[in-house]
Amino acid sequence: MGAAEKDRSALVDRLRKVREARARGARVAAPPKPVGGKPTKAFDFSTLPIFEQMRFQEAVGQTLGIGTPFFREIEDRAGALCVIDGEERINFASYDYLGLGGHPDVRRAAVKAAEKWGVSANASRLVGGERPYHGELERALAEAYGVEAAVAMVSGHATNVTTIGAMLGPKDLILMDQLIHNSISEGARLSGAARLTFPHNDFEWVDETLSRVRGRYERVLVVVEGLYSMDGDLPDLARFVEVKARHDAWLMVDEAHAFGVLGETGRGIAELQGVDPKTIEIWMGTLSKTLVSCGGYICGSEALIAYLKHKAPGFVFSVGIPAPVAATATAAVKAMLAEPERVARLRANGLRFRDRAKAAGLDIGLTEGYAVTPVIIGDSPRAVVAADRIFQRGVNALPIIFPAVPEQQARIRFFLTADHTEEQIDRAVDVTAEVVRELEDVDLFASLRG
């Protein structure tokens, strides 16, 4: 056996062991460093374990005959269609849920704001002063949510991190859904508060747990998502409101994927489920999805917003949102509310994808057929191969692999938009079902040895 064949065999053996270990829930060590290589240097970032893991993943892809599905260059505006490698593909990797990225009013608002105000706010709003476009955006958000006030920040991820970090500390407790976004868990970790993860959407578990431990903590925060970005399902918001009220806790709802998607006019889960938005202490969302811009926001009481504007490091020590960004988001809120037919089209498209995928025998998990539907494949290498095969057949949808999801729950995630046509949805489902059937009885690792 030649050296190349030995390397290939060793890679396949390691890949098998990784898959088996992850299936058992065991931790997987980084691949060993090459014998005879350079000594580790503290200043050499390429010696960090993550680089070994990245090299291993790249080698796996090469052995499987595919490239990385991540960081592909998009050559035009990505909506229901996109251009990659010079070819047009049906696109299910865009957060532009209502298709507002190409809305003429939204584009004009961005251009007009850039011409008047330039392309940067140039300083923190606390020290550099407010701009009219900040207030206009925040009023539009607060009115859409039906609450007193809002604050917009330059990063969606940082909005969660800095808000939780500013509101809670070592004497407090945070309870998070087990499928909560990384930005929530990072904010909770950095806050220094005690942390508990509860079973997905299980308000009864939260209720029972707080009945036992509430008295040990000064403040308690319960965090859920309005629409879960990996699974496409949603919580029973009214029941979580009852639980948090019974135990004198705060409730925070991350609406990154829910605003513009849920409810008759896109106002989110409160509109959909008929819950008074003022009964939730903290509403969070992003400007980068339905609102086709960039940044994050918090909506709630005037007291909450005033507190964050003075105490949240991600606001106090960060530059204000630039005028074109704020104007884009403001115009998108207005367009969403003025054109509810977009929300209706998105809902119809989501249901069509869900129902056809289910009829085709695909595992779509918990999705309720809104903007997000996963197709669960199994282990990570199989999900990557499946995503590559549908990509080669004209459908762009990205794999979600370990550690973002459990190893045997690796999936291809489809984001629906109001602009997808029935033909595009049907084609995507047909192609995906075809690929899944092709891979059902294939032992990728055995085939590699051959």
# chains A, B, ... in the order shown; residues from 1 in each chain; ligands from 1
>>> residues_around(residues="stretch 424-428 of chain A", least_positions_apart="4", cutoff="7 Å", atoms="only C-alpha atoms", output="ChimeraX atom specification")
/A:90,353,395,420,432
>>> residues_around(residues="A:Glu88", least_positions_apart="2", cutoff="12 Å", atoms="only C-alpha atoms", output="NGL selection string")
:A and (74-86 or 90-91 or 391-396)
>>> write_last_selection(atoms="C-alpha atoms", output="compact mmCIF listing (two decimals), in the first residue's frame")
# COMPACT_ATOMS: atom_id res chain seq x y z
CA ILE A 74 -22.50 35.06 -4.28
CA GLU A 75 -22.23 37.09 -7.48
CA ASP A 76 -25.50 39.04 -7.33
CA ARG A 77 -28.28 39.95 -4.88
CA ALA A 78 -29.38 36.72 -3.24
CA GLY A 79 -33.12 36.27 -3.03
CA ALA A 80 -35.16 33.34 -4.31
CA LEU A 81 -32.39 32.96 -6.88
CA CYS A 82 -28.66 33.50 -6.66
CA VAL A 83 -25.64 33.24 -8.95
CA ILE A 84 -22.68 31.11 -7.80
CA ASP A 85 -19.79 30.11 -10.05
CA GLY A 86 -21.54 31.88 -12.90
CA ILE A 90 -32.65 28.29 -6.65
CA ASN A 91 -31.62 29.83 -3.34
CA PHE A 391 -26.06 22.23 -5.13
CA GLN A 392 -24.69 20.52 -8.24
CA ARG A 393 -28.32 20.11 -9.39
CA GLY A 394 -29.12 23.79 -9.03
CA VAL A 395 -30.39 24.18 -5.45
CA ASN A 396 -28.44 26.21 -2.88
>>> residues_around(residues="A:Glu255", least_positions_apart="4", cutoff="7 Å", atoms="only C-alpha atoms", output="PyMOL selection string")
chain A and resi 225-227+259+284-285
>>> write_last_selection(atoms="C-alpha atoms", output="mmCIF file, in the first residue's frame")
data_model
loop_
_atom_site.group_PDB
_atom_site.id
_atom_site.type_symbol
_atom_site.label_atom_id
_atom_site.label_comp_id
_atom_site.auth_asym_id
_atom_site.auth_seq_id
_atom_site.Cartn_x
_atom_site.Cartn_y
_atom_site.Cartn_z
ATOM 1 C CA GLU A 225 -37.200 32.224 20.539
ATOM 2 C CA GLY A 226 -40.263 33.344 18.621
ATOM 3 C CA LEU A 227 -39.356 30.988 15.767
ATOM 4 C CA PHE A 259 -40.494 39.282 12.961
ATOM 5 C CA MET A 284 -35.221 41.155 20.749
ATOM 6 C CA GLY A 285 -34.799 40.998 16.993
#
>>> select_by_dssp(residues="stretch 206-346 of chain A", states="strand (DSSP E or B)", output="count of residues only")
22
>>> residues_around(residues="A:Gln409", least_positions_apart="2", cutoff="9 Å", atoms="only C-alpha atoms", output="mmCIF file with C-alpha atoms, in the first residue's frame")
data_model
loop_
_atom_site.group_PDB
_atom_site.id
_atom_site.type_symbol
_atom_site.label_atom_id
_atom_site.label_comp_id
_atom_site.auth_asym_id
_atom_site.auth_seq_id
_atom_site.Cartn_x
_atom_site.Cartn_y
_atom_site.Cartn_z
ATOM 1 C CA ILE A 376 -32.647 15.977 8.688
ATOM 2 C CA ILE A 377 -30.078 13.736 7.040
ATOM 3 C CA GLY A 378 -28.209 11.982 9.863
ATOM 4 C CA ASP A 379 -24.452 12.238 10.382
ATOM 5 C CA SER A 380 -22.448 15.293 9.352
ATOM 6 C CA ILE A 400 -25.921 22.323 9.452
ATOM 7 C CA ILE A 401 -23.519 19.910 11.094
ATOM 8 C CA PHE A 402 -22.019 19.031 14.454
ATOM 9 C CA VAL A 405 -26.642 20.314 16.049
ATOM 10 C CA PRO A 406 -26.212 16.813 17.558
ATOM 11 C CA GLU A 407 -24.239 14.514 15.268
ATOM 12 C CA ARG A 411 -29.426 18.541 8.327
#
>>> residues_around(residues="A:Lys358", least_positions_apart="3", cutoff="12 Å", atoms="only C-alpha atoms", output="NGL selection string")
:A and (351-355 or 361-369 or 373-376 or 429-430 or 432-433)
>>> write_last_selection(atoms="N, CA and C atoms", output="CSV table (one decimal), in the first residue's frame")
chain,number,residue,atom,x,y,z
A,351,LEU,N,-45.7,26.5,4.0
A,351,LEU,CA,-46.6,25.3,4.1
A,351,LEU,C,-46.4,24.4,2.9
A,352,ARG,N,-46.2,25.0,1.7
A,352,ARG,CA,-46.1,24.1,0.5
A,352,ARG,C,-44.8,23.3,0.6
A,353,PHE,N,-43.7,23.9,1.0
A,353,PHE,CA,-42.5,23.2,1.2
A,353,PHE,C,-42.6,22.1,2.2
A,354,ARG,N,-43.2,22.5,3.4
A,354,ARG,CA,-43.3,21.5,4.5
A,354,ARG,C,-44.2,20.3,4.0
A,355,ASP,N,-45.3,20.6,3.4
A,355,ASP,CA,-46.2,19.5,3.1
A,355,ASP,C,-45.7,18.6,2.0
A,361,GLY,N,-41.5,11.9,2.0
A,361,GLY,CA,-40.8,11.0,3.0
A,361,GLY,C,-39.6,11.6,3.6
A,362,LEU,N,-39.4,12.9,3.5
A,362,LEU,CA,-38.2,13.6,4.1
A,362,LEU,C,-38.5,13.8,5.6
A,363,ASP,N,-37.4,13.7,6.4
A,363,ASP,CA,-37.5,14.0,7.8
A,363,ASP,C,-37.4,15.5,8.0
A,364,ILE,N,-38.5,16.1,8.4
A,364,ILE,CA,-38.5,17.6,8.5
A,364,ILE,C,-38.6,18.0,10.0
A,365,GLY,N,-38.5,17.1,10.9
A,365,GLY,CA,-38.4,17.4,12.3
A,365,GLY,C,-39.6,18.1,12.8
A,366,LEU,N,-39.4,19.2,13.6
A,366,LEU,CA,-40.5,19.9,14.3
A,366,LEU,C,-41.1,21.0,13.5
A,367,THR,N,-40.7,21.3,12.3
A,367,THR,CA,-41.1,22.5,11.6
A,367,THR,C,-42.6,22.7,11.5
A,368,GLU,N,-43.0,23.9,11.6
A,368,GLU,CA,-44.5,24.2,11.5
A,368,GLU,C,-44.7,24.9,10.2
A,369,GLY,N,-43.7,24.9,9.3
A,369,GLY,CA,-44.0,25.4,7.9
A,369,GLY,C,-44.0,26.9,7.8
A,373,THR,N,-37.4,25.4,7.4
A,373,THR,CA,-37.7,24.0,7.4
A,373,THR,C,-36.4,23.2,7.2
A,374,PRO,N,-36.0,22.3,8.2
A,374,PRO,CA,-34.8,21.5,8.0
A,374,PRO,C,-35.2,20.2,7.3
A,375,VAL,N,-34.3,19.6,6.6
A,375,VAL,CA,-34.4,18.2,6.2
A,375,VAL,C,-33.3,17.5,6.9
A,376,ILE,N,-33.6,16.6,7.8
A,376,ILE,CA,-32.6,16.0,8.7
A,376,ILE,C,-32.1,14.8,7.9
A,429,VAL,N,-37.7,20.4,-3.5
A,429,VAL,CA,-38.1,19.2,-2.7
A,429,VAL,C,-37.8,17.9,-3.5
A,430,ASP,N,-38.1,17.9,-4.8
A,430,ASP,CA,-37.9,16.8,-5.7
A,430,ASP,C,-36.4,16.4,-5.7
A,432,THR,N,-34.1,17.2,-3.5
A,432,THR,CA,-33.6,16.8,-2.2
A,432,THR,C,-34.0,15.4,-1.9
A,433,ALA,N,-35.3,15.0,-2.2
A,433,ALA,CA,-35.8,13.7,-2.0
A,433,ALA,C,-35.0,12.7,-2.9
>>> atom_distance(atom1="atom CA of A:Ala323", atom2="atom CA of A:Trp117")
6.2 Å
>>> select_by_dssp(residues="stretch 118-265 of chain A", states="helix (DSSP H, G or I)", output="JSON list (two decimals) with N, CA and C atoms, in the first residue's frame")
[["chain", "number", "residue", "atom", "x", "y", "z"],
["A", 125, "ARG", "N", -23.35, 56.83, 20.00],
["A", 125, "ARG", "CA", -24.46, 57.78, 20.14],
["A", 125, "ARG", "C", -24.42, 58.50, 21.48],
["A", 126, "LEU", "N", -23.88, 57.86, 22.50],
["A", 126, "LEU", "CA", -23.83, 58.47, 23.82],
["A", 126, "LEU", "C", -22.95, 59.72, 23.82],
["A", 127, "VAL", "N", -21.80, 59.65, 23.12],
["A", 127, "VAL", "CA", -20.87, 60.78, 23.14],
["A", 127, "VAL", "C", -20.92, 61.59, 21.85],
["A", 128, "GLY", "N", -21.33, 60.96, 20.74],
["A", 128, "GLY", "CA", -21.33, 61.65, 19.46],
["A", 128, "GLY", "C", -22.66, 62.27, 19.10],
["A", 132, "PRO", "N", -31.47, 61.92, 13.64],
["A", 132, "PRO", "CA", -32.92, 61.71, 13.45],
["A", 132, "PRO", "C", -33.26, 60.31, 12.97],
["A", 133, "TYR", "N", -32.39, 59.69, 12.15],
["A", 133, "TYR", "CA", -32.71, 58.38, 11.60],
["A", 133, "TYR", "C", -32.69, 57.28, 12.66],
["A", 134, "HIS", "N", -31.93, 57.49, 13.77],
["A", 134, "HIS", "CA", -31.96, 56.52, 14.86],
["A", 134, "HIS", "C", -33.34, 56.51, 15.52],
["A", 135, "GLY", "N", -33.81, 57.68, 15.83],
["A", 135, "GLY", "CA", -35.11, 57.79, 16.49],
["A", 135, "GLY", "C", -36.25, 57.29, 15.61],
["A", 136, "GLU", "N", -36.17, 57.57, 14.30],
["A", 136, "GLU", "CA", -37.22, 57.13, 13.39],
["A", 136, "GLU", "C", -37.30, 55.60, 13.35],
["A", 137, "LEU", "N", -36.15, 54.95, 13.28],
["A", 137, "LEU", "CA", -36.13, 53.48, 13.27],
["A", 137, "LEU", "C", -36.68, 52.92, 14.58],
["A", 138, "GLU", "N", -36.24, 53.47, 15.68],
["A", 138, "GLU", "CA", -36.66, 52.92, 16.98],
["A", 138, "GLU", "C", -38.14, 53.15, 17.25],
["A", 139, "ARG", "N", -38.66, 54.26, 16.81],
["A", 139, "ARG", "CA", -40.11, 54.48, 16.94],
["A", 139, "ARG", "C", -40.89, 53.50, 16.08],
["A", 140, "ALA", "N", -40.40, 53.25, 14.88],
["A", 140, "ALA", "CA", -41.08, 52.30, 13.98],
["A", 140, "ALA", "C", -41.10, 50.90, 14.58],
["A", 141, "LEU", "N", -39.99, 50.49, 15.19],
["A", 141, "LEU", "CA", -39.92, 49.17, 15.81],
["A", 141, "LEU", "C", -40.85, 49.08, 17.02],
["A", 142, "ALA", "N", -40.80, 50.09, 17.89],
["A", 142, "ALA", "CA", -41.65, 50.07, 19.08],
["A", 142, "ALA", "C", -43.13, 50.05, 18.71],
["A", 143, "GLU", "N", -43.49, 50.82, 17.71],
["A", 143, "GLU", "CA", -44.90, 50.84, 17.28],
["A", 143, "GLU", "C", -45.31, 49.50, 16.67],
["A", 144, "ALA", "N", -44.42, 48.88, 15.92],
["A", 144, "ALA", "CA", -44.73, 47.58, 15.32],
["A", 144, "ALA", "C", -44.96, 46.53, 16.40],
["A", 145, "TYR", "N", -44.20, 46.63, 17.48],
["A", 145, "TYR", "CA", -44.35, 45.67, 18.58],
["A", 145, "TYR", "C", -45.46, 46.04, 19.55],
["A", 156, "GLY", "N", -26.58, 42.09, 15.62],
["A", 156, "GLY", "CA", -27.62, 41.26, 16.20],
["A", 156, "GLY", "C", -27.08, 40.35, 17.29],
["A", 157, "HIS", "N", -25.99, 39.67, 17.02],
["A", 157, "HIS", "CA", -25.38, 38.78, 18.01],
["A", 157, "HIS", "C", -25.00, 39.55, 19.26],
["A", 158, "ALA", "N", -24.33, 40.69, 19.07],
["A", 158, "ALA", "CA", -23.90, 41.48, 20.22],
["A", 158, "ALA", "C", -25.07, 42.08, 20.99],
["A", 159, "THR", "N", -26.22, 42.28, 20.33],
["A", 159, "THR", "CA", -27.39, 42.80, 21.03],
["A", 159, "THR", "C", -27.79, 41.85, 22.15],
["A", 160, "ASN", "N", -27.85, 40.56, 21.87],
["A", 160, "ASN", "CA", -28.18, 39.59, 22.91],
["A", 160, "ASN", "C", -27.11, 39.51, 23.98],
["A", 161, "VAL", "N", -25.86, 39.46, 23.55],
["A", 161, "VAL", "CA", -24.76, 39.33, 24.50],
["A", 161, "VAL", "C", -24.73, 40.52, 25.46],
["A", 162, "THR", "N", -24.80, 41.74, 24.91],
["A", 162, "THR", "CA", -24.65, 42.92, 25.76],
["A", 162, "THR", "C", -25.89, 43.19, 26.61],
["A", 163, "THR", "N", -27.07, 42.86, 26.09],
["A", 163, "THR", "CA", -28.29, 43.07, 26.87],
["A", 163, "THR", "C", -28.33, 42.14, 28.08],
["A", 164, "ILE", "N", -28.07, 40.87, 27.86],
["A", 164, "ILE", "CA", -28.08, 39.92, 28.98],
["A", 164, "ILE", "C", -26.96, 40.23, 29.96],
["A", 165, "GLY", "N", -25.79, 40.59, 29.43],
["A", 165, "GLY", "CA", -24.67, 40.93, 30.31],
["A", 165, "GLY", "C", -24.94, 42.17, 31.14],
["A", 166, "ALA", "N", -25.69, 43.11, 30.60],
["A", 166, "ALA", "CA", -25.98, 44.35, 31.33],
["A", 166, "ALA", "C", -27.10, 44.17, 32.36],
["A", 167, "MET", "N", -27.98, 43.21, 32.12],
["A", 167, "MET", "CA", -29.16, 43.06, 32.97],
["A", 167, "MET", "C", -28.98, 42.10, 34.13],
["A", 182, "ASN", "N", -26.83, 30.78, 19.84],
["A", 182, "ASN", "CA", -25.52, 30.96, 20.48],
["A", 182, "ASN", "C", -25.39, 32.32, 21.14],
["A", 183, "SER", "N", -25.95, 33.37, 20.57],
["A", 183, "SER", "CA", -25.80, 34.71, 21.15],
["A", 183, "SER", "C", -26.43, 34.80, 22.53],
["A", 184, "ILE", "N", -27.49, 34.05, 22.77],
["A", 184, "ILE", "CA", -28.11, 34.02, 24.09],
["A", 184, "ILE", "C", -27.22, 33.28, 25.07],
["A", 185, "SER", "N", -26.75, 32.11, 24.68],
["A", 185, "SER", "CA", -25.93, 31.32, 25.59],
["A", 185, "SER", "C", -24.60, 32.02, 25.89],
["A", 186, "GLU", "N", -24.05, 32.72, 24.91],
["A", 186, "GLU", "CA", -22.82, 33.48, 25.16],
["A", 186, "GLU", "C", -23.07, 34.65, 26.11],
["A", 187, "GLY", "N", -24.17, 35.35, 25.91],
["A", 187, "GLY", "CA", -24.50, 36.43, 26.83],
["A", 187, "GLY", "C", -24.71, 35.94, 28.24],
["A", 188, "ALA", "N", -25.38, 34.80, 28.37],
["A", 188, "ALA", "CA", -25.61, 34.22, 29.69],
["A", 188, "ALA", "C", -24.30, 33.82, 30.35],
["A", 189, "ARG", "N", -23.42, 33.22, 29.57],
["A", 189, "ARG", "CA", -22.13, 32.80, 30.13],
["A", 189, "ARG", "C", -21.30, 33.99, 30.60],
["A", 190, "LEU", "N", -21.26, 35.03, 29.79],
["A", 190, "LEU", "CA", -20.45, 36.20, 30.13],
["A", 190, "LEU", "C", -21.05, 37.02, 31.26],
["A", 191, "SER", "N", -22.35, 36.88, 31.49],
["A", 191, "SER", "CA", -23.00, 37.65, 32.57],
["A", 191, "SER", "C", -22.54, 37.20, 33.96],
["A", 203, "PHE", "N", -42.45, 24.52, 29.14],
["A", 203, "PHE", "CA", -42.78, 25.53, 30.16],
["A", 203, "PHE", "C", -43.08, 24.88, 31.50],
["A", 204, "GLU", "N", -43.56, 23.64, 31.49],
["A", 204, "GLU", "CA", -43.83, 22.94, 32.75],
["A", 204, "GLU", "C", -42.54, 22.68, 33.52],
["A", 205, "TRP", "N", -41.48, 22.33, 32.80],
["A", 205, "TRP", "CA", -40.18, 22.12, 33.44],
["A", 205, "TRP", "C", -39.69, 23.42, 34.07],
["A", 206, "VAL", "N", -39.86, 24.51, 33.36],
["A", 206, "VAL", "CA", -39.46, 25.82, 33.90],
["A", 206, "VAL", "C", -40.26, 26.14, 35.15],
["A", 207, "ASP", "N", -41.55, 25.89, 35.10],
["A", 207, "ASP", "CA", -42.43, 26.15, 36.24],
["A", 207, "ASP", "C", -42.00, 25.33, 37.46],
["A", 208, "GLU", "N", -41.80, 24.04, 37.27],
["A", 208, "GLU", "CA", -41.42, 23.16, 38.37],
["A", 208, "GLU", "C", -40.05, 23.53, 38.94],
["A", 209, "THR", "N", -39.12, 23.87, 38.05],
["A", 209, "THR", "CA", -37.77, 24.22, 38.50],
["A", 209, "THR", "C", -37.78, 25.51, 39.31],
["A", 210, "LEU", "N", -38.49, 26.52, 38.82],
["A", 210, "LEU", "CA", -38.54, 27.79, 39.55],
["A", 210, "LEU", "C", -39.27, 27.64, 40.87],
["A", 211, "SER", "N", -40.20, 26.72, 40.96],
["A", 211, "SER", "CA", -40.88, 26.47, 42.24],
["A", 211, "SER", "C", -39.88, 26.01, 43.30],
["A", 212, "ARG", "N", -38.81, 25.35, 42.87],
["A", 212, "ARG", "CA", -37.81, 24.85, 43.80],
["A", 212, "ARG", "C", -36.70, 25.85, 44.08],
["A", 213, "VAL", "N", -36.27, 26.61, 43.05],
["A", 213, "VAL", "CA", -35.02, 27.37, 43.20],
["A", 213, "VAL", "C", -35.18, 28.88, 43.16],
["A", 214, "ARG", "N", -36.39, 29.39, 42.87],
["A", 214, "ARG", "CA", -36.54, 30.83, 42.68],
["A", 214, "ARG", "C", -36.00, 31.65, 43.84],
["A", 215, "GLY", "N", -36.20, 31.18, 45.06],
["A", 215, "GLY", "CA", -35.80, 31.95, 46.24],
["A", 215, "GLY", "C", -34.30, 32.12, 46.41],
["A", 216, "ARG", "N", -33.51, 31.40, 45.63],
["A", 216, "ARG", "CA", -32.04, 31.48, 45.77],
["A", 216, "ARG", "C", -31.45, 32.64, 44.98],
["A", 237, "LEU", "N", -46.34, 30.82, 23.79],
["A", 237, "LEU", "CA", -45.91, 32.04, 24.47],
["A", 237, "LEU", "C", -46.77, 32.35, 25.68],
["A", 238, "ALA", "N", -48.07, 32.16, 25.59],
["A", 238, "ALA", "CA", -48.96, 32.49, 26.71],
["A", 238, "ALA", "C", -48.60, 31.68, 27.95],
["A", 239, "ARG", "N", -48.22, 30.42, 27.76],
["A", 239, "ARG", "CA", -47.87, 29.60, 28.91],
["A", 239, "ARG", "C", -46.57, 30.05, 29.55],
["A", 240, "PHE", "N", -45.61, 30.49, 28.74],
["A", 240, "PHE", "CA", -44.38, 31.02, 29.31],
["A", 240, "PHE", "C", -44.64, 32.33, 30.05],
["A", 241, "VAL", "N", -45.57, 33.13, 29.54],
["A", 241, "VAL", "CA", -45.93, 34.36, 30.24],
["A", 241, "VAL", "C", -46.52, 34.04, 31.61],
["A", 242, "GLU", "N", -47.39, 33.05, 31.67],
["A", 242, "GLU", "CA", -47.99, 32.64, 32.95],
["A", 242, "GLU", "C", -46.91, 32.18, 33.94],
["A", 243, "VAL", "N", -45.97, 31.38, 33.45],
["A", 243, "VAL", "CA", -44.92, 30.84, 34.33],
["A", 243, "VAL", "C", -44.03, 31.95, 34.85],
["A", 244, "LYS", "N", -43.58, 32.84, 33.99],
["A", 244, "LYS", "CA", -42.66, 33.89, 34.46],
["A", 244, "LYS", "C", -43.37, 34.84, 35.41],
["A", 245, "ALA", "N", -44.67, 35.09, 35.19],
["A", 245, "ALA", "CA", -45.41, 35.97, 36.09],
["A", 245, "ALA", "C", -45.58, 35.31, 37.46],
["A", 246, "ARG", "N", -45.83, 34.01, 37.47],
["A", 246, "ARG", "CA", -46.02, 33.29, 38.73],
["A", 246, "ARG", "C", -44.77, 33.31, 39.60]]
>>> atom_distance(atom1="atom CA of A:Ile298", atom2="atom CA of A:Tyr228")
18.0 Å
>>> closest_residue(among="A:Glu87, A:Asp96, A:Asp248, A:Glu440", to="A:Leu291", atoms="only C-alpha atoms")
A:Asp96
>>> closest_residue(among="A:Ala306, A:Asp172, A:Pro235, A:Val222", to="A:His200", atoms="only C-alpha atoms")
A:Pro235
>>> residues_around(residues="A:Val111", least_positions_apart="6", cutoff="12 Å", atoms="only C-alpha atoms", output="JSON, numbers by chain")
{"A": [104, 105, 117, 118, 119, 323, 324, 325, 326, 327, 328, 331]}
>>> atom_distance(atom1="atom CA of A:Thr68", atom2="atom CA of A:Leu48")
20.6 Å
